[in-house]
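For reference, entry30.txt (compact mmCIF, C-alpha atoms and all ligand atoms):
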# COMPACT_ATOMS: atom_id res chain seq x y z
CA MET A 244 -18.47 109.28 25.56
CA ILE A 245 -15.40 108.17 23.66
CA GLU A 246 -16.26 107.04 20.16
CA GLN A 247 -14.52 103.79 19.40
CA THR A 248 -13.44 103.23 15.84
CA VAL A 249 -12.40 99.70 15.15
CA ASN A 250 -9.78 99.45 12.52
CA ILE A 251 -10.68 97.13 9.64
CA ASP A 252 -7.26 95.45 9.92
CA ASP A 253 -7.92 94.69 13.58
CA ARG A 254 -11.29 93.21 12.69
CA LEU A 255 -9.74 91.06 10.00
CA ALA A 256 -7.00 89.94 12.38
CA GLU A 257 -9.56 89.03 15.05
CA PHE A 258 -11.71 87.24 12.47
CA GLU A 259 -8.73 85.20 11.28
CA ALA A 260 -7.67 84.50 14.87
CA ARG A 261 -11.16 83.12 15.58
CA ILE A 262 -10.87 80.82 12.57
CA ALA A 263 -7.39 79.73 13.67
CA ARG A 264 -8.82 78.87 17.12
CA GLY A 265 -11.41 76.66 15.38
CA GLU A 266 -14.35 78.89 16.33
CA LYS A 267 -17.35 78.98 14.03
CA ILE A 268 -18.35 82.24 12.39
CA GLU A 269 -22.08 82.80 12.88
CA PRO A 270 -24.57 84.88 10.86
CA GLY A 271 -24.51 88.07 12.97
CA ASP A 272 -20.72 88.10 13.36
CA TRP A 273 -18.43 90.48 11.55
CA MET A 274 -16.94 88.94 8.44
CA PRO A 275 -15.04 90.32 5.43
CA ASP A 276 -17.25 91.05 2.42
CA GLU A 277 -15.22 88.57 0.39
CA TYR A 278 -15.89 85.80 2.95
CA ARG A 279 -19.62 86.48 2.64
CA ARG A 280 -19.43 86.62 -1.18
CA GLN A 281 -17.48 83.36 -1.43
CA LEU A 282 -19.91 81.58 0.88
CA ILE A 283 -22.99 82.80 -0.98
CA ARG A 284 -21.38 81.73 -4.28
CA MET A 285 -20.45 78.30 -3.03
CA ILE A 286 -23.52 77.52 -0.92
CA SER A 287 -25.98 78.67 -3.59
CA GLN A 288 -24.18 76.63 -6.27
CA HIS A 289 -24.28 73.71 -3.90
CA ALA A 290 -28.02 74.20 -3.25
CA HIS A 291 -28.72 74.34 -7.00
CA SER A 292 -26.70 71.13 -7.44
CA GLU A 293 -28.85 69.29 -4.93
CA VAL A 294 -32.06 70.42 -6.61
CA VAL A 295 -30.92 69.85 -10.20
CA GLY A 296 -29.44 66.56 -8.98
CA MET A 297 -32.96 65.28 -8.36
CA LEU A 298 -33.65 65.22 -12.10
CA PRO A 299 -31.39 62.49 -13.52
CA GLU A 300 -32.50 60.01 -10.86
CA GLY A 301 -36.08 61.24 -10.57
CA ALA A 302 -36.57 60.23 -14.19
CA TRP A 303 -36.09 56.59 -13.16
CA ILE A 304 -38.66 56.49 -10.34
CA PRO A 305 -41.45 55.17 -12.64
CA HIS A 306 -39.06 52.57 -14.09
CA ALA A 307 -37.50 51.16 -10.91
CA PRO A 308 -37.21 47.37 -11.20
CA SER A 309 -38.98 46.57 -7.91
CA LEU A 310 -41.13 48.24 -5.28
CA ARG A 311 -38.21 48.18 -2.83
CA ARG A 312 -35.90 49.92 -5.30
CA LYS A 313 -38.64 52.45 -6.09
CA MET A 314 -39.17 53.30 -2.42
CA VAL A 315 -35.43 53.68 -1.85
CA LEU A 316 -35.07 55.93 -4.89
CA MET A 317 -38.06 58.08 -3.96
CA ALA A 318 -36.66 58.57 -0.46
CA LYS A 319 -33.26 59.47 -1.89
CA VAL A 320 -34.61 62.01 -4.37
CA GLN A 321 -36.72 63.53 -1.62
CA ASP A 322 -33.60 63.79 0.57
CA GLU A 323 -31.89 65.82 -2.17
CA ALA A 324 -34.77 68.32 -2.14
CA GLY A 325 -34.29 68.63 1.62
CA HIS A 326 -30.56 69.22 1.15
CA GLY A 327 -31.38 72.02 -1.27
CA GLN A 328 -33.62 73.55 1.40
CA TYR A 329 -30.96 73.44 4.15
CA LEU A 330 -28.46 75.02 1.81
CA TYR A 331 -30.72 77.79 0.51
CA HIS A 332 -31.47 78.59 4.16
CA ALA A 333 -27.75 78.65 4.97
CA ALA A 334 -27.16 81.10 2.10
CA GLU A 335 -30.09 83.22 3.31
CA THR A 336 -28.33 83.69 6.66
CA LEU A 337 -25.69 85.62 4.69
CA GLY A 338 -28.21 87.99 3.14
CA ALA A 339 -28.90 86.24 -0.17
CA THR A 340 -32.60 86.01 -1.00
CA ARG A 341 -34.29 82.89 -2.30
CA GLU A 342 -35.63 84.86 -5.27
CA GLU A 343 -32.16 86.10 -6.30
CA MET A 344 -30.69 82.63 -6.05
CA LEU A 345 -33.49 80.95 -8.00
CA ASP A 346 -33.41 83.69 -10.59
CA ALA A 347 -29.68 83.11 -11.10
CA LEU A 348 -30.30 79.40 -11.59
CA LEU A 349 -33.30 79.74 -13.89
CA THR A 350 -31.68 82.38 -16.10
CA GLY A 351 -28.58 80.21 -16.50
CA LYS A 352 -26.28 82.66 -14.65
CA ALA A 353 -25.55 80.36 -11.72
CA LYS A 354 -23.29 77.35 -11.87
CA TYR A 355 -24.26 73.98 -10.44
CA ALA A 356 -22.40 70.65 -10.35
CA SER A 357 -21.26 69.60 -13.83
CA ILE A 358 -22.13 65.97 -13.16
CA PHE A 359 -25.88 66.50 -13.36
CA ASN A 360 -25.66 67.49 -17.01
CA TYR A 361 -25.06 63.89 -18.06
CA PRO A 362 -27.94 61.58 -18.99
CA THR A 363 -29.05 58.51 -17.01
CA LEU A 364 -29.40 56.01 -19.84
CA THR A 365 -29.89 52.80 -17.84
CA TRP A 366 -30.87 51.68 -14.35
CA ALA A 367 -27.19 51.04 -13.61
CA ASP A 368 -26.63 54.79 -13.95
CA VAL A 369 -28.87 55.30 -10.91
CA ALA A 370 -26.68 52.85 -9.00
CA TRP A 371 -23.45 54.53 -10.15
CA ILE A 372 -24.78 57.94 -9.12
CA GLY A 373 -25.25 56.49 -5.64
CA TRP A 374 -21.79 54.95 -5.47
CA LEU A 375 -19.61 57.38 -7.40
CA VAL A 376 -21.43 60.72 -7.43
CA ASP A 377 -22.69 60.54 -3.87
CA GLY A 378 -19.36 59.02 -2.85
CA ALA A 379 -17.54 62.03 -4.34
CA ALA A 380 -20.07 64.38 -2.74
CA ILE A 381 -19.47 62.77 0.68
CA LYS A 382 -15.70 63.07 0.25
CA ASN A 383 -16.07 66.79 -0.42
CA GLN A 384 -18.79 67.43 2.13
CA THR A 385 -17.26 65.65 5.12
CA MET A 386 -14.44 68.15 4.60
CA LEU A 387 -16.98 71.01 4.42
CA ALA A 388 -18.56 69.80 7.68
CA HIS A 389 -15.46 71.40 9.26
CA ALA A 390 -15.99 74.68 7.40
CA SER A 391 -15.57 77.84 9.44
CA TYR A 392 -19.11 79.13 8.75
CA GLY A 393 -21.46 77.60 11.35
CA PRO A 394 -24.70 77.23 9.36
CA TYR A 395 -22.89 75.65 6.39
CA SER A 396 -20.86 73.24 8.49
CA ARG A 397 -23.94 72.12 10.45
CA ALA A 398 -25.95 71.60 7.25
CA MET A 399 -23.10 69.41 6.01
CA VAL A 400 -23.18 67.15 9.07
CA ARG A 401 -26.82 66.34 8.45
CA ILE A 402 -26.44 66.06 4.68
CA CYS A 403 -23.47 63.71 4.94
CA ALA A 404 -25.39 61.38 7.25
CA GLU A 405 -28.11 61.06 4.60
CA GLU A 406 -25.64 60.84 1.72
CA THR A 407 -24.07 57.83 3.40
CA PHE A 408 -27.32 55.92 2.85
CA HIS A 409 -27.36 57.09 -0.77
CA TYR A 410 -23.85 55.81 -1.28
CA LYS A 411 -24.63 52.45 0.30
CA GLN A 412 -27.77 51.79 -1.72
CA GLY A 413 -25.88 52.55 -4.95
CA LYS A 414 -22.97 50.35 -4.03
CA GLU A 415 -25.25 47.54 -2.91
CA MET A 416 -26.87 47.52 -6.35
CA ILE A 417 -23.58 47.55 -8.24
CA VAL A 418 -22.14 44.78 -6.07
CA HIS A 419 -25.28 42.73 -6.63
CA TYR A 420 -25.43 43.19 -10.41
CA ALA A 421 -21.67 42.78 -10.87
CA THR A 422 -21.42 39.58 -8.84
CA ASN A 423 -24.84 37.88 -9.11
CA GLY A 424 -26.28 39.61 -12.17
CA THR A 425 -27.09 38.21 -15.58
CA PRO A 426 -24.55 38.83 -18.38
CA GLU A 427 -26.78 41.75 -19.49
CA GLN A 428 -26.73 43.27 -16.00
CA LYS A 429 -22.95 42.87 -15.78
CA ALA A 430 -22.58 44.59 -19.16
CA MET A 431 -24.95 47.36 -18.07
CA VAL A 432 -22.86 47.98 -14.95
CA GLN A 433 -19.61 48.18 -16.93
CA ASP A 434 -21.23 50.50 -19.49
CA GLY A 435 -22.40 52.81 -16.68
CA LEU A 436 -18.91 52.89 -15.17
CA ASN A 437 -17.46 53.76 -18.59
CA ARG A 438 -19.69 56.84 -18.75
CA TRP A 439 -19.70 58.03 -15.10
CA TRP A 440 -16.08 57.58 -13.98
CA ASN A 441 -14.50 60.58 -15.69
CA PRO A 442 -17.35 63.05 -15.08
CA THR A 443 -17.22 62.03 -11.40
CA LEU A 444 -13.53 62.93 -11.16
CA MET A 445 -14.37 66.34 -12.65
CA MET A 446 -16.84 67.00 -9.82
CA PHE A 447 -13.93 67.91 -7.54
CA GLY A 448 -13.23 70.94 -9.71
CA PRO A 449 -10.18 72.03 -11.72
CA HIS A 450 -6.63 71.12 -10.72
CA ASP A 451 -5.33 73.21 -7.82
CA SER A 452 -3.18 75.26 -10.19
CA ASP A 453 -6.34 76.38 -12.04
CA SER A 454 -8.63 76.73 -9.03
CA THR A 455 -9.28 80.45 -8.70
CA ASN A 456 -11.13 80.31 -5.39
CA SER A 457 -9.21 77.70 -3.39
CA GLU A 458 -6.57 79.99 -1.94
CA ILE A 459 -8.96 82.34 -0.18
CA LEU A 460 -11.34 79.51 0.75
CA MET A 461 -8.50 77.65 2.44
CA ARG A 462 -7.13 80.76 4.13
CA TRP A 463 -10.52 81.30 5.76
CA GLY A 464 -11.17 77.68 6.63
CA ILE A 465 -14.10 77.19 4.29
CA LYS A 466 -12.25 74.45 2.43
CA THR A 467 -9.67 72.56 4.44
CA LYS A 468 -8.47 70.35 1.56
CA SER A 469 -7.79 71.22 -2.04
CA ASN A 470 -9.61 69.92 -5.14
CA ASP A 471 -6.71 67.64 -6.08
CA GLU A 472 -6.24 66.31 -2.55
CA LEU A 473 -9.89 65.28 -2.31
CA ARG A 474 -9.91 63.83 -5.82
CA GLN A 475 -6.83 61.72 -5.01
CA GLU A 476 -8.32 60.46 -1.74
CA PHE A 477 -11.49 59.46 -3.61
CA ILE A 478 -9.53 57.66 -6.33
CA ASN A 479 -7.40 55.80 -3.78
CA GLU A 480 -10.49 54.64 -1.89
CA GLU A 481 -12.70 53.68 -4.80
CA VAL A 482 -10.32 52.12 -7.35
CA PRO A 483 -9.59 48.96 -5.31
CA GLU A 484 -13.31 48.57 -4.53
CA VAL A 485 -14.26 48.77 -8.20
CA HIS A 486 -11.43 46.42 -9.22
CA ALA A 487 -12.53 43.91 -6.58
CA LEU A 488 -15.74 43.44 -8.57
CA GLY A 489 -13.82 42.61 -11.74
CA LEU A 490 -14.86 45.89 -13.39
CA THR A 491 -12.57 47.93 -15.64
CA ILE A 492 -12.03 51.61 -14.95
CA PRO A 493 -12.06 53.49 -18.27
CA ASP A 494 -8.56 54.93 -17.99
CA PRO A 495 -5.71 53.17 -19.84
CA ASP A 496 -3.14 55.18 -17.86
CA LEU A 497 -4.46 54.23 -14.41
CA HIS A 498 -1.70 52.62 -12.34
CA PHE A 499 -0.59 52.25 -8.73
CA ASP A 500 2.45 54.19 -7.66
CA GLU A 501 4.24 52.25 -4.92
CA GLU A 502 6.30 55.18 -3.79
CA SER A 503 3.44 57.59 -3.08
CA GLY A 504 0.83 54.91 -2.39
CA ASN A 505 -1.48 56.65 -4.86
CA TRP A 506 -3.47 55.40 -7.81
CA ILE A 507 -2.37 57.67 -10.66
CA ILE A 508 -4.93 58.58 -13.31
CA GLY A 509 -4.43 59.73 -16.90
CA PRO A 510 -5.21 63.29 -18.00
CA ILE A 511 -8.69 64.66 -17.30
CA ASP A 512 -10.52 66.18 -20.28
CA TRP A 513 -10.85 69.75 -18.98
CA ASP A 514 -12.25 70.97 -22.31
CA GLU A 515 -15.23 68.72 -21.73
CA PHE A 516 -15.52 69.97 -18.12
CA TRP A 517 -15.61 73.65 -19.13
CA ARG A 518 -18.04 72.95 -21.99
CA VAL A 519 -20.42 71.39 -19.46
CA VAL A 520 -19.88 74.10 -16.82
CA LYS A 521 -20.54 76.81 -19.42
CA GLY A 522 -23.91 75.31 -20.31
CA ASN A 523 -23.08 73.12 -23.29
CA GLY A 524 -23.12 69.66 -21.76
CA PRO A 525 -25.36 66.86 -23.00
CA MET A 526 -28.27 67.72 -20.68
CA ASN A 527 -27.81 71.37 -19.59
CA ALA A 528 -30.70 72.73 -21.67
CA GLU A 529 -33.03 69.94 -20.56
CA ARG A 530 -32.13 70.33 -16.88
CA LEU A 531 -32.79 74.06 -16.88
CA ALA A 532 -36.03 73.63 -18.84
CA ALA A 533 -37.22 71.13 -16.21
CA ARG A 534 -36.38 73.53 -13.37
CA ARG A 535 -38.14 76.42 -15.15
CA ASP A 536 -41.25 74.26 -15.65
CA ALA A 537 -41.20 73.22 -11.99
CA HIS A 538 -40.85 76.86 -10.92
CA GLU A 539 -43.74 77.93 -13.14
CA ASN A 540 -45.92 75.04 -11.99
CA GLY A 541 -45.30 76.02 -8.39
CA ARG A 542 -46.33 79.64 -8.95
CA TRP A 543 -49.86 79.10 -7.60
CA VAL A 544 -48.47 77.61 -4.39
CA ARG A 545 -46.21 80.62 -3.82
CA GLU A 546 -49.09 82.99 -4.57
CA ALA A 547 -51.45 81.12 -2.23
CA MET A 548 -48.86 81.17 0.57
CA THR A 549 -48.21 84.88 0.12
CA ALA A 550 -51.95 85.62 0.13
CA TYR A 551 -52.39 83.51 3.29
CA ALA A 552 -49.48 85.20 5.04
CA GLU A 553 -50.89 88.64 4.16
CA LYS A 554 -54.32 87.66 5.46
CA VAL A 555 -52.88 86.41 8.76
CA HIS A 556 -50.71 89.54 9.05
CA ASN A 557 -53.71 91.86 8.45
CA HIS A 558 -55.68 90.16 11.23
CA VAL A 559 -52.96 90.49 13.84
N1 LIG B 1 -19.27 71.82 -11.53
C1 LIG B 1 -19.56 73.10 -11.87
N2 LIG B 1 -18.73 74.13 -11.62
C2 LIG B 1 -17.58 73.85 -11.01
C3 LIG B 1 -17.22 72.55 -10.61
C4 LIG B 1 -18.12 71.51 -10.90
N3 LIG B 1 -17.87 70.25 -10.58
N4 LIG B 1 -16.01 72.61 -10.02
C5 LIG B 1 -15.61 73.89 -10.05
N5 LIG B 1 -16.55 74.63 -10.65
C6 LIG B 1 -16.50 76.06 -10.90
C7 LIG B 1 -16.43 76.85 -9.61
O1 LIG B 1 -17.73 77.07 -9.10
C8 LIG B 1 -15.71 78.09 -10.04
O2 LIG B 1 -16.60 78.98 -10.69
P1 LIG B 1 -17.00 80.46 -10.10
O3 LIG B 1 -15.74 81.08 -9.54
O4 LIG B 1 -17.54 81.18 -11.27
O5 LIG B 1 -18.02 80.23 -9.04
C9 LIG B 1 -14.76 77.60 -11.10
O6 LIG B 1 -15.29 76.35 -11.56
C10 LIG B 1 -13.33 77.41 -10.63
O7 LIG B 1 -13.28 76.38 -9.66
P2 LIG B 1 -12.63 76.54 -8.20
O8 LIG B 1 -11.84 75.34 -7.90
O9 LIG B 1 -11.96 77.87 -8.09
O10 LIG B 1 -13.98 76.58 -7.33
P3 LIG B 1 -14.15 76.20 -5.81
O11 LIG B 1 -12.89 76.53 -5.05
O12 LIG B 1 -15.41 76.77 -5.35
O13 LIG B 1 -14.22 74.58 -5.82
C11 LIG B 1 -16.02 72.98 -5.54
C12 LIG B 1 -15.26 73.92 -6.51
C13 LIG B 1 -15.05 71.89 -5.09
C14 LIG B 1 -17.20 72.38 -6.27
C15 LIG B 1 -16.44 73.81 -4.31
O14 LIG B 1 -17.19 74.93 -4.73
C16 LIG B 1 -17.29 73.04 -3.34
O15 LIG B 1 -16.77 72.28 -2.55
N6 LIG B 1 -18.60 73.31 -3.34
C17 LIG B 1 -19.56 72.79 -2.39
C18 LIG B 1 -19.97 71.39 -2.70
C19 LIG B 1 -20.77 71.30 -3.96
O16 LIG B 1 -21.26 72.28 -4.51
N7 LIG B 1 -20.95 70.09 -4.46
C20 LIG B 1 -21.72 69.88 -5.67
C21 LIG B 1 -22.14 68.52 -5.74
S1 LIG B 1 -23.52 68.30 -4.67
C22 LIG B 1 -24.09 66.88 -5.10
O17 LIG B 1 -23.41 66.24 -5.80
C23 LIG B 1 -25.45 66.51 -4.64
C24 LIG B 1 -25.41 65.19 -4.01
O18 LIG B 1 -26.70 64.89 -3.60
C25 LIG B 1 -24.97 64.12 -4.91

As C-alpha cells - that is how I would like this structure written.
Amino acid sequence: MIEQTVNIDDRLAEFEARIARGEKIEPGDWMPDEYRRQLIRMISQHAHSEVVGMLPEGAWIPHAPSLRRKMVLMAKVQDEAGHGQYLYHAAETLGATREEMLDALLTGKAKYASIFNYPTLTWADVAWIGWLVDGAAIKNQTMLAHASYGPYSRAMVRICAEETFHYKQGKEMIVHYATNGTPEQKAMVQDGLNRWWNPTLMMFGPHDSDSTNSEILMRWGIKTKSNDELRQEFINEEVPEVHALGLTIPDPDLHFDEESGNWIIGPIDWDEFWRVVKGNGPMNAERLAARRDAHENGRWVREAMTAYAEKVHNHV
C-alpha cells in the first residue's frame, strides 16, 4: 500500500479553492487551525452577545405599557435566548465546549457586544434597541449569512428572519411616539436617540485600519464586508429614516456628501468603545453579575439533567 501524505500547502490551497467556489465548509472538513480559532472566537462572542442582550430589554418586561407590548417584548427576549442556543451549538461543531465558553463569559475573559453594557433608562430605549441595535445586527448578520462556515451561515439565516421582526416592532414604536406621541413621548424618543446612536455605530467594531481580525476573516470568506463598509451602509440607510421623523441625530458633523452619496459622520469616541469592551462600561459589572446569578440558579437543572442522563444510560 502506498502511504499518501497530503502536503499542508495543498490542503490549504484546496480549502481556499473551495471557499472561492462558494462551497460551505462543514464540521468534519479539513480546515486550518486559525480558521477554526477565528470562528470559535467570533461565534462564541456572538452567542454571549445574544444572551447578555436579553438583559437590558428583559428588565422592561414588567413595565411594558400595554399587554400587547409586553407580549411582543417577551417573545423578542425569548428569541434572543434561542439565538444564543443556535450559536453555542454552531461553536460546539468546531470543538468548543459549552462549559469552556460559559466559563470564559462568566469569568470576564470573553468579549461580547459593547452595546449591551449601556443602561435602558426609559421605554423608548427598548424601542431604539429594536430599531438601531437590531438594525445594526441585521446589517452585520445578513452579511454573515453568506459566511463560508456552513453551521454559522445557516444559523444566521434563521436569526436574521427573527431579527427582522425585532427591528420592525422597535421602529413601529418610534414612528408612533415620534409622530402621534405626547410631548413627553416625543422628548423621550429624542433622549433615547441621543444615548443610543453613537454606541450603535461602535457595534460594527473598530475602523478597518484598526481591525486586527478582518484581513484573515475576509480572506477565508467569514466576513465578506469590512466593519467600515457595513457601518456606512447602516448610516446611509437609517439617517434619512430618522430625519423623516423630525428627530435630531446627535452628531454636529453629520452631513451628506453628494459626490460619494454617503452620509458622513463625525469622529467616533474609540476611547469610550475600548473602555466598554475592556469591562469598564456603565453596566458591565451588572450584566456579568446577572449572568453569574442565572448560571448559579440553573445549577439544579443541570445537575438533574445529568443525573437523569446517567440513569437512562445505566439502564441501556
Ligand atoms: N463589542 C465588543 N467587542 C468588539 C466589538 C464590539 N462591538 N467590535 C469589535 N470587538 C472586538 C473584537 O472581538 C476583537 O477582539 P478579539 O480579537 O480579542 O476577539 C477586537 O475588538 C478587534 O476588532 P476586529 O474588528 O478585529 O474584530 P472582528 O473582525 O471580529 O469584527 C465584529 C468585530 C464585527 C463584531 C465581528 O466579530 C462580527 O461580525 N461578529 C459576529 C456578530 C456579532 O457578534 N454581533 C454582536 C451583536 S449580536 C446582537 O446584537 C444581538 C441581537 O439580538 C441584537

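For the choices A:Leu282, A:Met274, A:Ile381, A:Val519, the atom-to-atom distance to Tyr355 (chain A) is smallest for A:Val519 when using all atoms listed in the file.
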
task: Pull the neighbourhood of (-12.9, 82.4, 9.1) for me: all residues within 10 Å in file coordinates, counting only C-alpha atoms, as a PyMOL selection string.
output: chain A and resi 255+257-269+274-275+278+390-392+460-465

task: Can you work out the spacing between CA of His538 (chain A) and CA of Ala339 (chain A) in Å, to one decimal?
output: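 Pair CA of His538 (chain A) / CA of Ala339 (chain A) returns 18.6 Å.
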
Using only the atoms of region 389-395 of chain A listed in the file, plus 8 Å on each side, state the axis-aligned box centre and edge lengths in Å rounded to one decimal, as JSON.
{"center_x": -20.1, "center_y": 75.3, "center_z": 8.9, "size_x": 25.2, "size_y": 23.7, "size_z": 21.0}

field: Å distance separating atom P1 of ligand LIG 1 (chain B) from CA of Met344 (chain A), one decimal place
entry: 14.4 Å

message: Neighbouring residues of Ile402 (chain A) were defined as those with any atom within 9 Å, considering all atoms listed in the file; residues of the same chain fewer than 3 positions away were excluded. Please report them as a ChimeraX atom specification.
response: /A:322-323,325-326,329,381,384,397-399,405-407

Saved selection, atoms kept: C-alpha atoms, as a CSV table (one decimal), in the coordinates of the input:
chain,number,residue,atom,x,y,z
A,322,ASP,CA,-33.6,63.8,0.6
A,323,GLU,CA,-31.9,65.8,-2.2
A,325,GLY,CA,-34.3,68.6,1.6
A,326,HIS,CA,-30.6,69.2,1.2
A,329,TYR,CA,-31.0,73.4,4.2
A,381,ILE,CA,-19.5,62.8,0.7
A,384,GLN,CA,-18.8,67.4,2.1
A,397,ARG,CA,-23.9,72.1,10.4
A,398,ALA,CA,-26.0,71.6,7.2
A,399,MET,CA,-23.1,69.4,6.0
A,405,GLU,CA,-28.1,61.1,4.6
A,406,GLU,CA,-25.6,60.8,1.7
A,407,THR,CA,-24.1,57.8,3.4

task: For ligand LIG 1 (chain B), list the contacting residues at 7 Å or closer, counting all atoms listed in the file, as a ChimeraX atom specification.
output: /A:284-286,288-289,292-293,296,323,354-358,376-377,380,383-384,406,445-449,451,453-457,460,470,520

Take the residues that were just selected and, keeping C-alpha atoms, output them as a PDB file, keeping the file's coordinate frame.
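Dumped everything to out.pdb:
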ATOM      1  CA  ARG A 284     -21.380  81.730  -4.280  1.00  0.00           C
ATOM      2  CA  MET A 285     -20.450  78.300  -3.030  1.00  0.00           C
ATOM      3  CA  ILE A 286     -23.520  77.520  -0.920  1.00  0.00           C
ATOM      4  CA  GLN A 288     -24.180  76.630  -6.270  1.00  0.00           C
ATOM      5  CA  HIS A 289     -24.280  73.710  -3.900  1.00  0.00           C
ATOM      6  CA  SER A 292     -26.700  71.130  -7.440  1.00  0.00           C
ATOM      7  CA  GLU A 293     -28.850  69.290  -4.930  1.00  0.00           C
ATOM      8  CA  GLY A 296     -29.440  66.560  -8.980  1.00  0.00           C
ATOM      9  CA  GLU A 323     -31.890  65.820  -2.170  1.00  0.00           C
ATOM     10  CA  LYS A 354     -23.290  77.350 -11.870  1.00  0.00           C
ATOM     11  CA  TYR A 355     -24.260  73.980 -10.440  1.00  0.00           C
ATOM     12  CA  ALA A 356     -22.400  70.650 -10.350  1.00  0.00           C
ATOM     13  CA  SER A 357     -21.260  69.600 -13.830  1.00  0.00           C
ATOM     14  CA  ILE A 358     -22.130  65.970 -13.160  1.00  0.00           C
ATOM     15  CA  VAL A 376     -21.430  60.720  -7.430  1.00  0.00           C
ATOM     16  CA  ASP A 377     -22.690  60.540  -3.870  1.00  0.00           C
ATOM     17  CA  ALA A 380     -20.070  64.380  -2.740  1.00  0.00           C
ATOM     18  CA  ASN A 383     -16.070  66.790  -0.420  1.00  0.00           C
ATOM     19  CA  GLN A 384     -18.790  67.430   2.130  1.00  0.00           C
ATOM     20  CA  GLU A 406     -25.640  60.840   1.720  1.00  0.00           C
ATOM     21  CA  MET A 445     -14.370  66.340 -12.650  1.00  0.00           C
ATOM     22  CA  MET A 446     -16.840  67.000  -9.820  1.00  0.00           C
ATOM     23  CA  PHE A 447     -13.930  67.910  -7.540  1.00  0.00           C
ATOM     24  CA  GLY A 448     -13.230  70.940  -9.710  1.00  0.00           C
ATOM     25  CA  PRO A 449     -10.180  72.030 -11.720  1.00  0.00           C
ATOM     26  CA  ASP A 451      -5.330  73.210  -7.820  1.00  0.00           C
ATOM     27  CA  ASP A 453      -6.340  76.380 -12.040  1.00  0.00           C
ATOM     28  CA  SER A 454      -8.630  76.730  -9.030  1.00  0.00           C
ATOM     29  CA  THR A 455      -9.280  80.450  -8.700  1.00  0.00           C
ATOM     30  CA  ASN A 456     -11.130  80.310  -5.390  1.00  0.00           C
ATOM     31  CA  SER A 457      -9.210  77.700  -3.390  1.00  0.00           C
ATOM     32  CA  LEU A 460     -11.340  79.510   0.750  1.00  0.00           C
ATOM     33  CA  ASN A 470      -9.610  69.920  -5.140  1.00  0.00           C
ATOM     34  CA  VAL A 520     -19.880  74.100 -16.820  1.00  0.00           C
TER      35      VAL A 520
END

message: What does the structure give for the distance between CA of Lys429 (chain A) and CA of Leu364 (chain A), in Å to one decimal?
response: 15.2 Å

task: Rank nothing, just name the residue among A:Ala324, A:Tyr420, A:Gly351, A:Ile459 nearest to Arg279 (chain A), using all atoms listed in the file.
output: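 For Arg279 (chain A), the nearest of the candidates is A:Ile459.
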
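Near Asn441 (chain A), within 10 Å and counting all atoms listed in the file, sit Ile358, Leu436, Asn437, Arg438, Leu444, Met445, Met446, Ile492, Pro493, Asp494, Pro510, Ile511, Asp512 and Phe516 of chain A, not including residues fewer than 3 positions from it in the same chain.
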
- prompt: Looking at all atoms listed in the file, which of A:Ala487, A:Met526, A:Leu349, A:Leu316 is the one that sits closest to Gly373 (chain A)?
  reply: A:Leu316

- prompt: Which residue out of A:His498, A:His486, A:Arg518, A:Lys466 has the minimum interatomic distance to Tyr395 (chain A) when only C-alpha atoms are used?
  reply: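 Smallest distance to Tyr395 (chain A) is found for A:Lys466.
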
- request: Tell me which of A:Gly435, A:Gly393, A:Gly509, A:Pro525 sits closest to Ile478 (chain A), counting only C-alpha atoms.
  value: A:Gly509
